[in-house]
>>> print(open('work12.cif').read())   # mmCIF, C-alpha atoms
data_model
#
loop_
_atom_site.label_atom_id
_atom_site.label_comp_id
_atom_site.auth_asym_id
_atom_site.auth_seq_id
_atom_site.Cartn_x
_atom_site.Cartn_y
_atom_site.Cartn_z
CA MET A 1 -32.11 -12.95 29.29
CA SER A 2 -33.13 -12.78 32.91
CA PRO A 3 -30.96 -11.02 35.47
CA ASN A 4 -32.07 -13.70 37.93
CA ARG A 5 -29.43 -16.34 37.49
CA GLN A 6 -30.50 -18.50 40.44
CA ASN A 7 -33.17 -20.28 38.44
CA GLN A 8 -30.81 -21.08 35.63
CA LEU A 9 -29.60 -24.52 34.68
CA PRO A 10 -25.90 -25.09 35.38
CA ALA A 11 -24.00 -24.86 32.12
CA THR A 12 -22.12 -27.80 30.68
CA ASN A 13 -18.41 -27.21 31.25
CA GLU A 14 -16.42 -26.05 28.29
CA ASP A 15 -13.54 -28.39 27.53
CA THR A 16 -10.56 -28.38 25.21
CA SER A 17 -10.98 -29.29 21.57
CA GLY A 18 -7.73 -31.20 21.99
CA PRO A 19 -5.31 -31.59 19.09
CA TYR A 20 -7.56 -33.77 16.93
CA PHE A 21 -10.44 -31.54 15.85
CA PRO A 22 -11.34 -33.22 12.55
CA ILE A 23 -9.77 -31.54 9.54
CA ALA A 24 -12.61 -33.26 7.69
CA PHE A 25 -15.05 -30.76 9.23
CA GLY A 26 -13.37 -28.02 7.22
CA ASP A 27 -15.25 -26.28 4.43
CA PRO A 28 -13.50 -24.10 1.83
CA ALA A 29 -16.62 -21.94 1.57
CA LEU A 30 -16.13 -20.93 5.22
CA GLU A 31 -12.51 -19.86 4.60
CA ASP A 32 -13.36 -17.39 1.83
CA LEU A 33 -16.55 -15.41 2.34
CA THR A 34 -16.03 -13.31 -0.79
CA ARG A 35 -17.55 -16.06 -2.88
CA PHE A 36 -20.45 -18.14 -1.71
CA GLU A 37 -19.77 -21.48 -3.32
CA VAL A 38 -17.41 -22.76 -5.98
CA GLY A 39 -18.79 -22.59 -9.52
CA MET A 40 -21.83 -20.58 -8.56
CA VAL A 41 -22.80 -17.09 -9.68
CA GLY A 42 -23.47 -14.88 -6.70
CA GLN A 43 -21.13 -13.10 -4.31
CA ALA A 44 -21.05 -10.64 -1.46
CA THR A 45 -20.91 -6.92 -2.17
CA GLY A 46 -18.21 -4.76 -0.65
CA THR A 47 -14.44 -4.49 -0.48
CA PRO A 48 -12.65 -7.85 -0.53
CA ILE A 49 -9.97 -8.17 2.12
CA ILE A 50 -7.35 -10.69 3.09
CA LEU A 51 -6.82 -10.98 6.82
CA ARG A 52 -3.62 -12.81 7.64
CA GLY A 53 -1.28 -13.30 10.52
CA LYS A 54 0.17 -15.60 13.14
CA ILE A 55 -1.22 -17.24 16.24
CA LEU A 56 1.53 -17.39 18.87
CA ASP A 57 1.91 -19.08 22.25
CA ARG A 58 3.64 -17.52 25.27
CA HIS A 59 7.09 -18.53 24.01
CA GLY A 60 6.51 -16.85 20.66
CA ASP A 61 6.09 -20.21 18.95
CA LEU A 62 3.35 -20.74 16.38
CA ALA A 63 0.23 -22.26 17.91
CA HIS A 64 -0.28 -24.95 15.30
CA GLY A 65 -3.61 -26.70 14.88
CA ALA A 66 -5.74 -23.83 16.24
CA ILE A 67 -9.32 -23.46 15.02
CA MET A 68 -10.42 -19.90 14.24
CA GLU A 69 -14.01 -18.83 13.87
CA PHE A 70 -14.99 -15.44 12.46
CA TRP A 71 -18.22 -13.52 12.83
CA GLN A 72 -18.94 -10.20 11.18
CA ALA A 73 -21.48 -7.85 9.67
CA ASN A 74 -21.75 -7.46 5.90
CA ALA A 75 -20.52 -4.43 3.97
CA LYS A 76 -23.64 -2.50 4.96
CA GLY A 77 -23.07 -3.17 8.64
CA VAL A 78 -25.81 -5.77 9.10
CA TYR A 79 -25.33 -9.09 10.87
CA ARG A 80 -27.26 -11.99 9.38
CA THR A 81 -29.21 -13.37 12.33
CA PRO A 82 -32.78 -14.53 12.97
CA ALA A 83 -33.44 -10.99 14.22
CA THR A 84 -32.48 -9.35 10.89
CA LYS A 85 -34.35 -11.82 8.66
CA ASP A 86 -36.53 -9.11 7.12
CA ASN A 87 -33.85 -6.43 6.90
CA PRO A 88 -33.47 -5.49 3.19
CA ASP A 89 -29.72 -4.99 3.69
CA VAL A 90 -29.12 -8.66 4.54
CA GLU A 91 -27.42 -10.33 1.59
CA ASN A 92 -28.23 -13.75 0.19
CA TRP A 93 -24.60 -14.42 -0.67
CA PHE A 94 -23.01 -13.46 2.62
CA HIS A 95 -23.65 -15.03 6.02
CA GLY A 96 -20.71 -13.55 7.92
CA TYR A 97 -19.56 -16.76 9.62
CA GLY A 98 -16.16 -18.21 8.78
CA ARG A 99 -14.01 -20.98 10.13
CA LEU A 100 -10.61 -22.39 9.41
CA ARG A 101 -8.02 -24.63 10.98
CA SER A 102 -4.53 -23.24 10.97
CA HIS A 103 -2.22 -26.19 10.41
CA THR A 104 0.97 -24.22 11.15
CA GLY A 105 -0.17 -21.27 13.26
CA TYR A 106 -0.20 -18.95 10.22
CA TYR A 107 -3.66 -18.16 8.95
CA GLU A 108 -5.30 -16.42 6.03
CA PHE A 109 -8.98 -15.56 5.87
CA ARG A 110 -10.66 -13.94 2.87
CA THR A 111 -13.74 -11.89 3.44
CA ILE A 112 -15.45 -8.55 2.88
CA LEU A 113 -14.56 -5.45 4.87
CA PRO A 114 -17.39 -5.27 7.40
CA GLY A 115 -19.47 -2.09 7.53
CA ALA A 116 -19.97 -0.15 10.73
CA VAL A 117 -22.85 -1.19 12.98
CA ALA A 118 -24.46 1.60 15.01
CA GLU A 119 -22.17 2.91 17.75
CA ARG A 120 -19.38 0.56 16.68
CA ALA A 121 -16.28 0.65 14.54
CA PRO A 122 -16.10 -2.08 11.87
CA ASN A 123 -14.87 -5.27 13.50
CA ILE A 124 -14.65 -9.04 13.26
CA THR A 125 -15.20 -11.30 16.28
CA ILE A 126 -12.63 -14.08 16.43
CA THR A 127 -13.13 -17.24 18.50
CA LEU A 128 -10.13 -19.50 19.06
CA PHE A 129 -10.24 -23.16 19.97
CA SER A 130 -7.13 -25.28 20.39
CA ASP A 131 -5.42 -27.95 22.38
CA GLY A 132 -4.63 -26.69 25.89
CA ILE A 133 -7.51 -24.21 26.07
CA SER A 134 -11.25 -24.49 25.75
CA ARG A 135 -12.22 -21.26 24.01
CA VAL A 136 -11.06 -17.65 23.90
CA VAL A 137 -12.77 -14.76 22.15
CA THR A 138 -11.55 -11.42 20.90
CA GLN A 139 -12.51 -8.74 18.40
CA MET A 140 -10.27 -7.15 15.75
CA PHE A 141 -10.47 -3.72 14.13
CA PHE A 142 -9.05 -2.02 11.04
CA GLU A 143 -6.22 0.49 10.98
CA GLY A 144 -7.19 3.92 9.74
CA ASN A 145 -10.90 3.76 10.55
CA ASP A 146 -12.04 7.00 12.20
CA ALA A 147 -14.68 5.17 14.25
CA ASN A 148 -11.99 3.25 16.16
CA ALA A 149 -11.49 6.20 18.51
CA ASP A 150 -15.03 5.92 19.90
CA ASP A 151 -15.51 2.15 19.85
CA PRO A 152 -16.56 0.79 23.27
CA ILE A 153 -14.40 -2.33 22.99
CA LEU A 154 -11.27 -0.39 22.08
CA GLN A 155 -12.03 2.07 24.87
CA THR A 156 -12.50 -0.66 27.44
CA VAL A 157 -9.06 -2.19 26.74
CA GLY A 158 -7.35 1.19 27.07
CA GLU A 159 -3.65 1.09 26.23
CA ASP A 160 -4.03 -2.43 24.81
CA ALA A 161 -6.16 -1.10 21.96
CA PRO A 162 -3.33 -1.29 19.36
CA LYS A 163 -3.21 -5.06 19.94
CA LEU A 164 -6.74 -5.32 18.53
CA ILE A 165 -6.14 -3.18 15.43
CA ALA A 166 -5.02 -4.93 12.25
CA ARG A 167 -2.30 -3.16 10.27
CA HIS A 168 -3.11 -2.25 6.68
CA ASP A 169 -0.54 -3.77 4.33
CA GLY A 170 -1.47 -2.51 0.89
CA ARG A 171 -3.58 -3.92 -1.90
CA THR A 172 -3.12 -7.00 -4.07
CA ALA A 173 -3.13 -6.90 -7.89
CA LYS A 174 -6.66 -8.30 -7.70
CA GLY A 175 -7.82 -5.37 -5.59
CA GLU A 176 -7.97 -7.05 -2.18
CA GLU A 177 -6.98 -4.90 0.79
CA VAL A 178 -4.51 -6.78 2.99
CA TYR A 179 -4.63 -6.56 6.79
CA LEU A 180 -2.16 -8.14 9.20
CA PHE A 181 -3.36 -9.30 12.59
CA ASN A 182 -1.36 -11.46 15.00
CA ILE A 183 -2.87 -13.11 18.05
CA VAL A 184 -0.69 -13.74 21.10
CA MET A 185 -2.49 -16.33 23.20
CA ALA A 186 -0.43 -15.84 26.38
CA GLY A 187 2.44 -13.95 27.97
CA ASP A 188 4.30 -10.89 26.70
CA GLY A 189 2.18 -8.87 24.31
CA GLU A 190 -0.87 -11.01 25.12
CA THR A 191 -3.94 -10.16 23.06
CA PRO A 192 -6.90 -8.94 25.15
CA PHE A 193 -9.58 -11.65 25.32
CA PHE A 194 -13.18 -11.18 26.44
CA ASP A 195 -15.51 -12.97 28.81
CA ASP A 196 -18.80 -13.56 27.01
CA LEU A 197 -20.14 -15.79 29.81
CA GLU A 198 -19.68 -13.39 32.72
CA SER A 199 -20.22 -10.10 30.89
CA MET B 1 -16.01 -5.22 44.53
CA THR B 2 -15.84 -4.30 40.87
CA ARG B 3 -16.94 -7.12 38.62
CA GLN B 4 -14.22 -8.79 36.65
CA GLY B 5 -13.93 -11.33 33.89
CA ARG B 6 -12.68 -14.82 34.64
CA LEU B 7 -9.05 -15.83 34.94
CA LEU B 8 -8.64 -18.97 32.85
CA GLU B 9 -6.79 -21.73 34.67
CA ILE B 10 -3.94 -23.85 33.40
CA GLY B 11 -4.50 -27.59 33.31
CA PRO B 12 -2.05 -29.38 35.65
CA THR B 13 0.49 -31.53 33.75
CA ASP B 14 -0.76 -30.07 30.46
CA ASN B 15 2.16 -28.42 28.65
CA THR B 16 0.04 -27.04 25.83
CA SER B 17 -2.27 -25.44 28.38
CA ASP B 18 0.77 -23.72 29.93
CA GLN B 19 1.88 -22.49 26.51
CA ARG B 20 -1.50 -21.23 25.32
CA THR B 21 -3.66 -20.13 28.25
CA PRO B 22 -4.03 -16.33 28.52
CA ARG B 23 -2.48 -14.99 31.76
CA GLN B 24 -4.54 -11.79 31.96
CA LEU B 25 -8.09 -11.65 33.28
CA LEU B 26 -10.67 -11.90 30.51
CA ARG B 27 -12.14 -8.45 29.88
CA LEU B 28 -15.81 -7.74 30.45
CA ILE B 29 -17.74 -6.79 27.33
CA PRO B 30 -19.48 -3.40 27.47
CA GLU B 31 -23.26 -3.78 27.14
CA GLU B 32 -23.38 -1.92 23.80
CA ALA B 33 -20.98 -4.45 22.25
CA ARG B 34 -22.49 -7.64 23.66
CA ALA B 35 -24.64 -8.64 20.71
CA SER B 36 -21.67 -8.57 18.34
CA PHE B 37 -20.05 -11.50 20.15
CA ILE B 38 -22.64 -14.16 19.25
CA PRO B 39 -21.87 -16.01 16.03
CA VAL B 40 -24.83 -17.42 14.13
CA VAL B 41 -23.60 -20.48 12.29
CA PRO B 42 -25.45 -20.66 8.98
CA ALA B 43 -27.85 -23.55 8.51
CA ARG B 44 -26.24 -24.42 5.18
CA TYR B 45 -23.35 -25.86 7.16
CA ALA B 46 -25.18 -29.03 7.98
CA SER B 47 -24.97 -32.75 8.48
CA ASN B 48 -25.14 -35.65 6.06
CA PRO B 49 -28.02 -37.99 6.89
CA HIS B 50 -25.84 -41.03 7.55
CA GLU B 51 -23.41 -39.37 9.94
CA TRP B 52 -25.45 -40.12 13.07
CA ASP B 53 -24.01 -43.66 12.97
CA MET B 54 -20.32 -43.17 13.77
CA THR B 55 -19.71 -46.85 14.44
CA ARG B 56 -18.96 -47.45 10.75
CA VAL B 57 -17.32 -45.46 7.97
CA ALA B 58 -20.40 -45.62 5.73
CA PRO B 59 -23.86 -47.20 5.89
CA ASP B 60 -22.76 -50.12 3.69
CA ARG B 61 -19.61 -50.95 5.67
CA PRO B 62 -19.21 -53.15 8.77
CA ARG B 63 -19.20 -51.91 12.33
CA ALA B 64 -15.84 -51.05 13.93
CA ASP B 65 -14.24 -53.01 16.79
CA GLY B 66 -15.30 -52.40 20.36
CA VAL B 67 -18.48 -51.54 22.19
CA PRO B 68 -21.19 -49.80 20.15
CA ILE B 69 -23.02 -47.19 22.22
CA GLU B 70 -25.87 -44.78 21.81
CA VAL B 71 -25.49 -41.20 23.03
CA THR B 72 -28.62 -39.10 23.31
CA GLY B 73 -29.73 -35.98 25.10
CA SER B 74 -31.07 -32.48 24.86
CA VAL B 75 -29.43 -29.16 24.13
CA LYS B 76 -30.85 -26.28 26.18
CA THR B 77 -30.00 -22.73 27.13
CA GLN B 78 -29.46 -21.96 30.80
CA SER B 79 -33.04 -20.76 31.07
CA GLY B 80 -34.21 -24.17 29.90
CA ALA B 81 -35.29 -23.35 26.36
CA PRO B 82 -34.52 -26.11 23.83
CA VAL B 83 -31.92 -25.20 21.22
CA ARG B 84 -33.50 -26.36 17.97
CA HIS B 85 -31.51 -27.25 14.86
CA ALA B 86 -28.20 -26.84 16.63
CA LEU B 87 -25.23 -28.42 14.90
CA LEU B 88 -23.30 -30.99 16.91
CA GLU B 89 -19.91 -31.95 15.56
CA VAL B 90 -18.65 -35.10 17.22
CA TRP B 91 -15.27 -36.81 17.21
CA SER B 92 -13.71 -39.59 19.25
CA ALA B 93 -10.93 -42.17 19.34
CA ASN B 94 -11.47 -45.79 18.32
CA HIS B 95 -11.64 -48.79 20.63
CA TYR B 96 -7.84 -48.73 20.90
CA GLY B 97 -7.60 -45.02 21.74
CA ARG B 98 -6.46 -43.89 18.28
CA TYR B 99 -7.90 -41.02 16.24
CA ARG B 100 -7.96 -41.16 12.47
CA HIS B 101 -6.52 -37.62 12.50
CA VAL B 102 -3.24 -37.40 10.50
CA GLU B 103 -1.50 -35.75 13.44
CA ASP B 104 -2.24 -38.59 15.90
CA MET B 105 1.29 -39.99 16.18
CA SER B 106 0.53 -42.29 19.11
CA GLY B 107 1.16 -45.44 17.09
CA LEU B 108 -1.92 -47.02 18.64
CA GLN B 109 -3.91 -49.43 16.49
CA LEU B 110 -6.01 -48.03 13.67
CA ASP B 111 -9.30 -49.74 12.90
CA LYS B 112 -10.16 -49.77 9.21
CA ASN B 113 -13.86 -49.68 10.03
CA HIS B 114 -13.71 -46.71 12.37
CA LEU B 115 -14.09 -43.14 11.12
CA GLY B 116 -14.79 -41.60 14.52
CA LEU B 117 -16.48 -38.38 13.47
CA GLY B 118 -19.84 -37.10 12.39
CA ARG B 119 -22.34 -34.25 12.52
CA VAL B 120 -25.91 -34.32 13.78
CA LEU B 121 -28.56 -31.66 14.27
CA THR B 122 -30.93 -31.26 17.18
CA ASP B 123 -34.60 -31.75 16.32
CA GLU B 124 -37.61 -29.48 16.91
CA ASP B 125 -37.46 -30.23 20.63
CA GLY B 126 -33.72 -29.70 20.93
CA ASN B 127 -32.87 -33.42 21.16
CA TYR B 128 -30.04 -35.26 19.46
CA ARG B 129 -28.91 -38.85 19.08
CA PHE B 130 -25.90 -40.62 17.62
CA LEU B 131 -24.15 -43.97 17.73
CA ALA B 132 -20.44 -44.28 18.43
CA ILE B 133 -17.84 -46.81 19.45
CA SER B 134 -17.00 -46.51 23.13
CA PRO B 135 -13.59 -44.79 22.84
CA GLY B 136 -10.42 -46.23 24.33
CA ALA B 137 -8.44 -44.35 26.96
CA TYR B 138 -4.92 -43.47 25.87
CA LEU B 139 -1.62 -42.53 27.46
CA ALA B 140 -1.34 -38.79 26.90
CA ARG B 141 1.88 -38.21 28.87
CA PRO B 142 4.02 -41.37 28.72
CA ASP B 143 6.78 -39.54 30.63
CA ILE B 144 4.64 -39.23 33.75
CA GLY B 145 2.16 -42.03 33.06
CA ARG B 146 -0.89 -39.78 32.73
CA TRP B 147 -3.82 -41.15 30.73
CA ARG B 148 -6.65 -39.36 29.03
CA PRO B 149 -9.84 -41.00 30.22
CA LYS B 150 -12.43 -42.24 27.72
CA HIS B 151 -14.16 -39.22 26.20
CA ILE B 152 -16.15 -38.03 23.21
CA HIS B 153 -15.61 -34.50 21.88
CA ILE B 154 -18.77 -32.53 21.07
CA SER B 155 -18.92 -29.07 19.52
CA VAL B 156 -22.26 -27.23 19.68
CA SER B 157 -23.10 -24.37 17.32
CA GLY B 158 -26.37 -22.66 18.19
CA GLY B 159 -27.69 -21.12 21.35
CA ALA B 160 -26.16 -18.55 23.61
CA SER B 161 -22.50 -19.09 22.80
CA ARG B 162 -20.15 -21.41 21.00
CA LEU B 163 -19.47 -24.50 23.06
CA ILE B 164 -16.91 -27.24 22.68
CA THR B 165 -17.10 -29.86 25.40
CA GLN B 166 -16.38 -33.51 26.11
CA MET B 167 -18.59 -36.29 27.41
CA TYR B 168 -16.82 -38.53 29.90
CA PHE B 169 -17.84 -41.97 31.22
CA PRO B 170 -18.81 -42.84 34.81
CA ASP B 171 -16.39 -44.51 37.20
CA GLU B 172 -13.41 -44.42 34.89
CA PRO B 173 -10.14 -44.69 36.84
CA ASN B 174 -8.47 -41.94 34.81
CA ASN B 175 -11.18 -39.34 35.36
CA GLN B 176 -9.58 -38.01 38.56
CA SER B 177 -6.18 -37.24 37.04
CA ASP B 178 -7.39 -35.54 33.88
CA PRO B 179 -6.20 -31.89 33.78
CA MET B 180 -9.49 -30.51 32.49
CA ALA B 181 -11.52 -32.60 34.94
CA ILE B 182 -9.35 -31.25 37.78
CA LEU B 183 -10.10 -27.68 36.66
CA MET B 184 -13.84 -28.43 36.56
CA GLY B 185 -13.81 -29.69 40.16
CA ASP B 186 -17.24 -30.80 41.40
CA ALA B 187 -18.81 -29.52 38.18
CA PHE B 188 -17.05 -32.36 36.32
CA GLU B 189 -20.12 -34.45 37.20
CA ARG B 190 -22.12 -32.50 34.59
CA ASN B 191 -19.86 -33.75 31.84
CA ILE B 192 -20.37 -37.44 32.59
CA GLY B 193 -22.86 -39.39 30.48
CA LYS B 194 -25.62 -41.13 32.48
CA PRO B 195 -25.98 -44.81 31.56
CA PHE B 196 -29.37 -46.28 30.65
CA GLU B 197 -30.50 -49.58 29.17
CA PRO B 198 -30.34 -49.43 25.36
CA ALA B 199 -33.67 -50.18 23.67
CA ASN B 200 -31.94 -51.62 20.66
CA ASN B 201 -30.39 -55.14 20.94
CA ASP B 202 -27.83 -54.02 18.44
CA LEU B 203 -26.20 -51.74 21.02
CA ASP B 204 -24.28 -52.67 24.15
CA GLU B 205 -24.54 -49.44 26.13
CA ALA B 206 -26.46 -46.19 26.08
CA TYR B 207 -25.72 -42.81 27.69
CA ARG B 208 -27.78 -39.72 28.25
CA PHE B 209 -25.82 -36.48 27.97
CA ASP B 210 -27.90 -33.32 28.36
CA ILE B 211 -26.05 -30.23 27.26
CA VAL B 212 -26.69 -26.74 28.64
CA VAL B 213 -25.11 -23.93 26.65
CA GLY B 214 -23.93 -21.20 29.02
CA GLY B 215 -23.99 -17.46 28.68
CA ARG B 216 -26.53 -14.66 28.74
CA ASN B 217 -26.49 -14.13 25.00
CA ALA B 218 -29.66 -16.08 24.35
CA THR B 219 -31.36 -13.32 22.36
CA TYR B 220 -31.71 -15.01 19.01
CA PHE B 221 -32.78 -18.41 20.14
CA GLU B 222 -35.51 -17.98 22.71
#
>>> encode(input="work12.cif", output="structure tokens")
Amino acid sequence: MSPNRQNQLPATNEDTSGPYFPIAFGDPALEDLTRFEVGMVGQATGTPIILRGKILDRHGDLAHGAIMEFWQANAKGVYRTPATKDNPDVENWFHGYGRLRSHTGYYEFRTILPGAVAERAPNITITLFSDGISRVVTQMFFEGNDANADDPILQTVGEDAPKLIARHDGRTAKGEEVYLFNIVMAGDGETPFFDDLES
Amino acid sequence: MTRQGRLLEIGPTDNTSDQRTPRQLLRLIPEEARASFIPVVPARYASNPHEWDMTRVAPDRPRADGVPIEVTGSVKTQSGAPVRHALLEVWSANHYGRYRHVEDMSGLQLDKNHLGLGRVLTDEDGNYRFLAISPGAYLARPDIGRWRPKHIHISVSGGASRLITQMYFPDEPNNQSDPMAILMGDAFERNIGKPFEPANNDLDEAYRFDIVVGGRNATYFE
């Protein structure tokens, strides 16, 4: 990670996924991180949650066909990366990466409530791909968490912070905590997105 | 001047781009939050061994119509380090410009022997290779006569950031009018495959497409 960017290779341009990202690349195990694989004993520890909401365009219409990718720490606040390979709090049955294609613009993602990483409030990074855009990235937080007040991402967006905080909407009969989080891709009420290439 | 994030541009003549492109500047990520933005796609999400040959629907089925091509290249970070074991997800239209996607309503000809998608991994040196049918161009905006030039979609998981890109073909007449190519400007050149003579008689054309994954988040992979 050199600050000297002059010697760097020019990056390949990002480009739109277009409308035909193969549905065949979907994987049910990436849409529900609370269980690792169908028919197998072994699951993540922590509080199961359902994260659901709408993806909207600048006219308030559902952005159908969007691909969402999720990235989060486990319940103990540890990301599973090459750097944490030997961390005893990494879990075998939780990798923290999810992906789904929202056919209609409504989405539902099942996972574990992430734990807090040092200096951060619990959060999930969301990457969006769709026709018309190449890639946008944001991070969502959970209503009622005391750490939200000091989180550097929520602080940096200032008065837009509520747009990144999912609303708690009760608990299902099965014990899953439900959170509602809408993403507005453009226009009025636009969700703050982040620049991970220039930052 | 205070540093700012990019303003994403709207592709000319692209209605979906107008509907979905954020209008605000992208926000810069505070240093203490940077690491949290790099997804690590688990290795268990991997390729099937036959998927490198996308010119047929299965190893025991005949080759699809059109021009079979080889696409090969490297995947590197901006500092030049190879990205090993990266997952490439590839999809493209058939010879007639039709995708097998259920939402492709173009009415263009399907080819029963063309699947048009597959997944490959980069090797120990960060290199990849696959076979595909040279995709047809198709009329994306019949109302204004704008075509999408021949292109192959490639998604790369691994390296400094998530990347979805497209490989274009040299000297295609529709390259100049493509909305995304217009936004890329001179940098569009980087997204064009470089032709070379295929070693295998079985193939008509071969292209080299070296991919460089942008971003400073190279921590885990170098």
>>> residues_around(input="work12.cif", residues="range 69-84 of chain B", least_positions_apart="5", cutoff="8 Å", atoms="all atoms listed in the file", output="VMD selection string")
(chain A and resid 7 to 11) or (chain B and resid 122 to 134 158 to 160 198 203 to 215 218 221 to 222)
>>> write_last_selection(input="work12.cif", atoms="C-alpha atoms", output="PDB file, keeping the file's coordinate frame")
ATOM      1  CA  ASN A   7     -33.170 -20.280  38.440  1.00  0.00           C
ATOM      2  CA  GLN A   8     -30.810 -21.080  35.630  1.00  0.00           C
ATOM      3  CA  LEU A   9     -29.600 -24.520  34.680  1.00  0.00           C
ATOM      4  CA  PRO A  10     -25.900 -25.090  35.380  1.00  0.00           C
ATOM      5  CA  ALA A  11     -24.000 -24.860  32.120  1.00  0.00           C
TER       6      ALA A  11
ATOM      7  CA  THR B 122     -30.930 -31.260  17.180  1.00  0.00           C
ATOM      8  CA  ASP B 123     -34.600 -31.750  16.320  1.00  0.00           C
ATOM      9  CA  GLU B 124     -37.610 -29.480  16.910  1.00  0.00           C
ATOM     10  CA  ASP B 125     -37.460 -30.230  20.630  1.00  0.00           C
ATOM     11  CA  GLY B 126     -33.720 -29.700  20.930  1.00  0.00           C
ATOM     12  CA  ASN B 127     -32.870 -33.420  21.160  1.00  0.00           C
ATOM     13  CA  TYR B 128     -30.040 -35.260  19.460  1.00  0.00           C
ATOM     14  CA  ARG B 129     -28.910 -38.850  19.080  1.00  0.00           C
ATOM     15  CA  PHE B 130     -25.900 -40.620  17.620  1.00  0.00           C
ATOM     16  CA  LEU B 131     -24.150 -43.970  17.730  1.00  0.00           C
ATOM     17  CA  ALA B 132     -20.440 -44.280  18.430  1.00  0.00           C
ATOM     18  CA  ILE B 133     -17.840 -46.810  19.450  1.00  0.00           C
ATOM     19  CA  SER B 134     -17.000 -46.510  23.130  1.00  0.00           C
ATOM     20  CA  GLY B 158     -26.370 -22.660  18.190  1.00  0.00           C
ATOM     21  CA  GLY B 159     -27.690 -21.120  21.350  1.00  0.00           C
ATOM     22  CA  ALA B 160     -26.160 -18.550  23.610  1.00  0.00           C
ATOM     23  CA  PRO B 198     -30.340 -49.430  25.360  1.00  0.00           C
ATOM     24  CA  LEU B 203     -26.200 -51.740  21.020  1.00  0.00           C
ATOM     25  CA  ASP B 204     -24.280 -52.670  24.150  1.00  0.00           C
ATOM     26  CA  GLU B 205     -24.540 -49.440  26.130  1.00  0.00           C
ATOM     27  CA  ALA B 206     -26.460 -46.190  26.080  1.00  0.00           C
ATOM     28  CA  TYR B 207     -25.720 -42.810  27.690  1.00  0.00           C
ATOM     29  CA  ARG B 208     -27.780 -39.720  28.250  1.00  0.00           C
ATOM     30  CA  PHE B 209     -25.820 -36.480  27.970  1.00  0.00           C
ATOM     31  CA  ASP B 210     -27.900 -33.320  28.360  1.00  0.00           C
ATOM     32  CA  ILE B 211     -26.050 -30.230  27.260  1.00  0.00           C
ATOM     33  CA  VAL B 212     -26.690 -26.740  28.640  1.00  0.00           C
ATOM     34  CA  VAL B 213     -25.110 -23.930  26.650  1.00  0.00           C
ATOM     35  CA  GLY B 214     -23.930 -21.200  29.020  1.00  0.00           C
ATOM     36  CA  GLY B 215     -23.990 -17.460  28.680  1.00  0.00           C
ATOM     37  CA  ALA B 218     -29.660 -16.080  24.350  1.00  0.00           C
ATOM     38  CA  PHE B 221     -32.780 -18.410  20.140  1.00  0.00           C
ATOM     39  CA  GLU B 222     -35.510 -17.980  22.710  1.00  0.00           C
TER      40      GLU B 222
END
>>> resolve_selection(input="work12.cif", expression="the PyMOL selection byres ((chain B and resi 31) around 12)", output="MDAnalysis selection string")
(chainID A and resid 119:120 152:153 156 196 198:199) or (chainID B and resid 28:30 32:37 216:217)
>>> resolve_selection(input="work12.cif", expression="the PyMOL selection byres ((chain A and resi 183-193) around 10)", output="ChimeraX atom specification")
/A:53-63,105,126-128,133,136-140,157,160-164,181-182,194-196 /B:5,17-29
>>> closest_residue(input="work12.cif", among="B:Ser92, B:Ser155, B:Thr16, B:Asn200", to="chain A", atoms="only C-alpha atoms")
B:Thr16
>>> atom_distance(input="work12.cif", atom1="CA of Gly193 in chain B", atom2="CA of Pro135 in chain B")
13.2 Å
>>> residues_around(input="work12.cif", residues="His151 in chain B", least_positions_apart="3", cutoff="10 Å", atoms="only C-alpha atoms", output="list in words")
Trp91, Ser92, Ala93, Gly97, Ser134, Pro135, Gly136, Ala137, Arg148, Ile154, Thr165, Gln166, Met167, Tyr168, Phe169, Asn175, Asn191, Ile192 and Gly193 of chain B
>>> residues_around(input="work12.cif", residues="Leu33 in chain A", least_positions_apart="6", cutoff="10 Å", atoms="all atoms listed in the file", output="list in words")
Gln43, Ala44, Pro48, Ile49, Trp93, Phe94, His95, Gly96, Tyr97, Gly98, Arg99, Phe109, Arg110, Thr111 and Ile112 of chain A
>>> residues_around(input="work12.cif", residues="Val78 in chain A", least_positions_apart="5", cutoff="8 Å", atoms="all atoms listed in the file", output="JSON, numbers by chain")
{"A": [73, 84, 89, 90, 115, 117]}
>>> closest_residue(input="work12.cif", among="A:Ile50, A:Phe36, A:Thr12, A:Asp27", to="Gly170 in chain A", atoms="all atoms listed in the file")
A:Ile50
>>> resolve_selection(input="work12.cif", expression="the PyMOL selection byres ((chain B and resi 41) around 12)", output="PyMOL selection string")
(chain A and resi 30+69-72+79-82+94-99) or (chain B and resi 38-40+42-46+85-88+156-162+220)
